[in-house]
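Since the structure comes first, as structure tokens, the remarks are kept for the end.
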Amino acid sequence: MVQCVNHLATDRSPVVDPSTPFVVLKFGGTSVSRRHRWENIAHLMRERLAAGQAVVTVVSALSGVTDALKAIAALHRDAAAMAAAAEALIERHRSFAGELGLDPEILEARAGRLRQLVADPRAPEGGHAWQARLMAEGELCSSTLGAHFLRSLGLDVEWLDARDYLTSREQPIQTEWMRYHSAQCEPRPSAAVREALLARARAFITQGFIAREGRGRTVLLGRGGSDTSASYFGALLGACRVEIWTDVPGMFSANPKLVPDARLLRRLDYDEAQEIATTGAKVLHPRAIGPVRETRVPLWIKDTERPALAGTEIVPEALQAAPSVKAVSLRNRITLVSMESIGMWQQVGFLADVFAIFKRHGLSVDLIGSAETNVTVSLDPSDNLLDAGVLEALCGDLAQVCRVKVIAPCAAVTLVGRGMRAMMHRLGELLAEVGARRVHLVSQSSNNLNLTFVIDEADADGIVPMLHAALVRARLTGADGDPVFGPSWQAIAGEEAPRLQRWWEERQRELLKLAAREPTPFYVYSGQTVAARAERLNALSAVDRRFYAIKANPHPEILRALAAAGFGMECVSAGELAHVQATLPELPPERILFTPNFAPRAEYVAALAAGVHLTVDNLSILADWPELFAGRPILLRLDLGRGLGHHDKVRTGGEKSKFGIAAGDLGEALALAHTAGARVVGLHAHLGSGILDIAHWKAVHGELAALAERVPSVAVIDIGGGLGVPNEPGELPLSMAALDAALTEVKALYPRFELWIEPGRYLVAEAGVVLTRVTQVKRKGQTRFVGVDAGMHTLIRPALYEAWHEIVHLAALAEPGQERVQVVGPICESGDVLGEDRLLPPCNEDDVLLIANAGAYGAAMASRYNLRGLPVEVYRDDL
């Protein structure tokens, strides 16, 4: 790989060292359509010239011009309309020349060429060769404007015709359309070209998108052609890097339009980038990667408006890391062609015959799935000209050898990351969620880099955010410390909420004093934070009753505080019910909700005797214990066929979940309840925990209410809990105003039902922290461990749910992290890891670390494993 070396030359140096490294910069249509962006281009070129590099700048046509030229080509049978459209395009370029402070007459030669093309006697034929010459004018005009403007700013820039350097090669199968509209070149590093250019100047501007074929005719490089042009020039010149400057900061872990908290991907290798580009990322065309891969030239993707952002760096070597999903992508408008024949089984050459037909029609196959009697392939419209005529002709030929079925429109959802096979055990539950949709094809790539499934396009809504939330995570403390995942799109776009001061940062001194008095590890709960979260939920005008899920944290002071704030209590066991009754003896039974799951009969008897609300989630107990429910009001817990949440172990819906009655069995449940003499007064659903998507509660509310309309006795809709709390850097908190608006919208459609919720973690997670002391530090090779006296016996969530908890050095909150460490506990288990790859200041024995967001499912799930003691819990109203 060529290195970028500083030769300390100026941009007007008359003598150029022949070893001067080249940098290729590419700017797209939006980057060349405004004066201030051209000024930015000049600044970037100067920076590279000052660093001793020669610069070749590749530019696209002005924004919208390529489409305008396509429209002119489509008018080829109407000479007058075509001439008028051409004049409008010429005027646009002349106007932009004026905006740049240039004499519009500099475009006269190009304008004359455009007029000549539209007046060409061959124009009415609309041939591909003529179209290619016409379309090339966009880049030729923009580069002409750019060259004059850069010179006006004092840059000594040479204009190059890209067609003099890039020659297309013949393809084995090449239609006329492919020859002229989707050409491919194969440039090799050329010392002669380097030397010839360096003998002329150190700064050049040229065109993207265009090349020349062997007979000298203009050809186009197809969609993303300017990116590919830059890559070709990088390979030809043996550049030290190619920089693609665009209107986004780089490649992201998902489309930010679908996933606002998608992460910038800082560094990828060629193979990873190729997969992400091929499977849906629009920022870089897949064809742009091949030429730089062959010559091992790094490729950067940068943001023209925000040049200081690091962007995405695509390099030859992959980072050594554990298998992980780096991106989730979605491609719509996919067409599947399913071919079936009993005769294909063990028939030599059947697939060769079938694919020869696709080849004859000039169609490129993307995904392939095969069985003994069926082969199904996908066609991507970005790589194929797919219209009704093409498909009809294809199917006609295929019908000679098999039965054919076309399935469209479909969507291809792809997970990209190294070592996909090693992650299959982690993907099982998520793929079960996908399986609830109609899956037509599943493909696992042979290079172990992606897993793709094809579903109906109508079923693709919401699937990318769900998969991204579950699978894509920054590995190190904070986005800034992760070598792969950068900041979120929201943070870059300025849409991220300002960072809030955490209560434990403000109370650092008090917590350190507590740590000096109490034996660690121990929990500290902030009463003020609990009260603040309760106040937020009380502000939900759409909600009629709120029950606290005490399993999250049954500390007596928390129960008293929430009861005083008007909350009822939701219990899942007889033990929890007894605890509530003992702690809150004045709490009336109508403010207690009992929602057991596979509990013994005696617990139902106790709950019914106490007169509390009761949820039933199993048909068999209605059938087997009818005497228990005779004359009793009950709620039915339904499974709506899906589960959501931050981990598969907290998703409580779907066929394999042990919770709830299948929604399709509601009729049977009502019949059994009627036979038992029970009265169904409510429908309930709780599908998971840690959910930050407001659309989830709106959907659950609407689905339950629609079902309840069929049951006259139902008066209550309970949408459960699961309100998420931001854990990882960049996650936005749940908007209570947006949640209230969504619930109010549904309630307006179904006003006769009371709405209940039963949050747990939302109320207490942020209120609790664990204080723990460093016991030992250790280094093994390149890995550094910080041992603490808390472990999975104190806080099991990291081991059980792969939960991310912020960990800080309490006495050094203001100090930057200096070393990446594994924070581990004293339990004799490999899974006793509280935090992986955390960036911390230096840690020594007896230093106090704080583990944040530990107020829910922390002490409540603590154990005496290894016969270690249970942690003390400290509740403070003044914190």
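Note on naming: chains are A, B, ... as they come in the structure tokens, residues start from 1 per chain, ligands start from 1 in the order shown.
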
**OP:** For Arg306 of chain A, please output as a list in words all residues within 12 Å (counting only C-alpha atoms; exclusion window: fewer than 3 positions along the same chain).
**Re:** Ser31, Arg37, Asn40, Leu44, Trp245, Thr246, Asp247, Val248, Pro249, Gly250, Ile301, Lys302, Asp303, Leu309, Ala310, Gly311, Ile492 and Ala493 of chain A

Produce a file of the selected residues containing N, CA and C atoms, as a CSV table (one decimal), in the first residue's frame.
```csv
chain,number,residue,atom,x,y,z
A,31,SER,N,-22.4,18.0,-3.6
A,31,SER,CA,-21.2,18.7,-3.2
A,31,SER,C,-20.6,19.7,-4.2
A,37,ARG,N,-19.6,25.1,-1.2
A,37,ARG,CA,-19.1,23.7,-1.2
A,37,ARG,C,-17.9,23.7,-2.2
A,40,ASN,N,-15.1,24.9,-0.2
A,40,ASN,CA,-14.6,23.8,0.7
A,40,ASN,C,-13.8,22.8,-0.1
A,44,LEU,N,-9.9,21.8,0.8
A,44,LEU,CA,-9.5,20.4,1.0
A,44,LEU,C,-8.3,20.1,0.0
A,245,TRP,N,-16.1,12.2,-1.0
A,245,TRP,CA,-16.8,13.2,-0.2
A,245,TRP,C,-18.2,13.3,-0.7
A,246,THR,N,-19.1,13.2,0.3
A,246,THR,CA,-20.6,13.1,0.0
A,246,THR,C,-21.3,13.9,1.0
A,247,ASP,N,-22.7,13.8,1.0
A,247,ASP,CA,-23.5,14.6,2.0
A,247,ASP,C,-23.8,13.8,3.2
A,248,VAL,N,-23.2,12.7,3.5
A,248,VAL,CA,-23.3,12.0,4.7
A,248,VAL,C,-21.9,11.6,5.3
A,249,PRO,N,-21.8,11.4,6.6
A,249,PRO,CA,-20.5,11.3,7.2
A,249,PRO,C,-19.8,9.9,6.9
A,250,GLY,N,-20.5,8.9,6.3
A,250,GLY,CA,-19.8,7.7,6.1
A,250,GLY,C,-20.9,6.6,6.0
A,301,ILE,N,-14.6,7.6,3.3
A,301,ILE,CA,-15.9,8.3,3.0
A,301,ILE,C,-16.0,9.4,4.0
A,302,LYS,N,-16.2,10.6,3.5
A,302,LYS,CA,-16.2,11.8,4.3
A,302,LYS,C,-17.4,12.7,3.9
A,303,ASP,N,-17.7,13.6,4.9
A,303,ASP,CA,-18.8,14.5,4.8
A,303,ASP,C,-18.4,15.9,4.3
A,309,LEU,N,-15.3,15.5,10.8
A,309,LEU,CA,-15.7,14.2,11.2
A,309,LEU,C,-14.8,13.1,10.6
A,310,ALA,N,-14.4,12.1,11.4
A,310,ALA,CA,-13.5,11.1,10.9
A,310,ALA,C,-14.0,10.3,9.7
A,311,GLY,N,-15.4,10.1,9.6
A,311,GLY,CA,-15.9,9.3,8.5
A,311,GLY,C,-15.6,7.9,8.6
A,492,ILE,N,-24.6,13.1,15.5
A,492,ILE,CA,-24.0,13.9,14.4
A,492,ILE,C,-24.9,15.0,13.8
A,493,ALA,N,-26.2,14.6,13.7
A,493,ALA,CA,-27.1,15.6,13.1
A,493,ALA,C,-27.6,16.6,14.1
```

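Secondary structure by DSSP on the backbone puts the following residues of segment 22-190 of chain A in strand (DSSP E or B): Phe22, Val23, Val24, Leu25, Lys26, Phe27, Ala54, Val55, Val56, Thr57, Val58, Val59, Glu158, Trp159, Thr167, Ser168 and Cys185 of chain A.
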
**OP:** Would you list the contacts of Val716 of chain A as a list in words, taking every protein, DNA or RNA residue within 7 Å and counting only C-alpha atoms, but skipping same-chain residues closer than 3 positions in sequence?
**Re:**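 Counting only C-alpha atoms, the residues come to Val681, Gly682, Leu683, Phe753, Glu754 and Leu755 of chain A.
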
**OP:** Fewer than 6 positions away in the same chain doesn't count, so skip those; otherwise give me all residues within 8 Å of segment 786-796 of chain A, counting only C-alpha atoms, as number ranges by chain.
**Re:** A: 520-521, 772-778, 821-827, 831-834, 843, 854, 857-859, 861-865, 868, 870-871

Write the residues of the selection above to a file with C-alpha atoms, as a PDB file, in the first residue's frame.
```pdb
ATOM      1  CA  THR A 520     -18.820  -3.036  49.680  1.00  0.00           C
ATOM      2  CA  PRO A 521     -20.434  -4.066  47.468  1.00  0.00           C
ATOM      3  CA  THR A 772     -17.807  -1.718  44.681  1.00  0.00           C
ATOM      4  CA  ARG A 773     -14.097  -1.737  45.533  1.00  0.00           C
ATOM      5  CA  VAL A 774     -11.181  -2.819  43.397  1.00  0.00           C
ATOM      6  CA  THR A 775      -9.666  -6.008  44.771  1.00  0.00           C
ATOM      7  CA  GLN A 776      -6.892  -6.744  42.276  1.00  0.00           C
ATOM      8  CA  VAL A 777      -5.599  -5.735  38.851  1.00  0.00           C
ATOM      9  CA  LYS A 778      -3.998  -8.142  36.395  1.00  0.00           C
ATOM     10  CA  VAL A 821      -9.993  -3.005  30.888  1.00  0.00           C
ATOM     11  CA  GLN A 822     -12.274  -5.918  31.648  1.00  0.00           C
ATOM     12  CA  VAL A 823     -14.152  -5.279  34.885  1.00  0.00           C
ATOM     13  CA  VAL A 824     -14.664  -8.665  36.534  1.00  0.00           C
ATOM     14  CA  GLY A 825     -16.004 -10.060  39.798  1.00  0.00           C
ATOM     15  CA  PRO A 826     -14.819 -12.732  42.274  1.00  0.00           C
ATOM     16  CA  ILE A 827     -17.233 -15.511  41.247  1.00  0.00           C
ATOM     17  CA  GLY A 831     -19.287 -15.243  32.746  1.00  0.00           C
ATOM     18  CA  ASP A 832     -18.576 -13.114  35.804  1.00  0.00           C
ATOM     19  CA  VAL A 833     -17.821 -10.032  33.729  1.00  0.00           C
ATOM     20  CA  LEU A 834     -19.490  -6.744  34.666  1.00  0.00           C
ATOM     21  CA  CYS A 843      -7.357   1.661  39.084  1.00  0.00           C
ATOM     22  CA  ALA A 854     -28.569  -0.840  38.665  1.00  0.00           C
ATOM     23  CA  TYR A 857     -33.340  -6.355  38.690  1.00  0.00           C
ATOM     24  CA  GLY A 858     -30.162  -5.851  40.685  1.00  0.00           C
ATOM     25  CA  ALA A 859     -30.492  -6.595  44.380  1.00  0.00           C
ATOM     26  CA  MET A 861     -31.858 -10.977  41.656  1.00  0.00           C
ATOM     27  CA  ALA A 862     -28.758 -11.130  43.874  1.00  0.00           C
ATOM     28  CA  SER A 863     -27.670 -14.490  45.246  1.00  0.00           C
ATOM     29  CA  ARG A 864     -25.277 -16.136  47.696  1.00  0.00           C
ATOM     30  CA  TYR A 865     -23.535 -18.072  44.926  1.00  0.00           C
ATOM     31  CA  ARG A 868     -20.753 -14.858  49.167  1.00  0.00           C
ATOM     32  CA  LEU A 870     -25.923 -10.538  49.816  1.00  0.00           C
ATOM     33  CA  PRO A 871     -25.358  -6.827  49.197  1.00  0.00           C
TER      34      PRO A 871
END
```

Original post:
A:Tyr523, A:Phe22, A:Phe149, A:Phe252: which is nearest Cys240 of chain A, counting only C-alpha atoms?
Top reply: A:Phe22
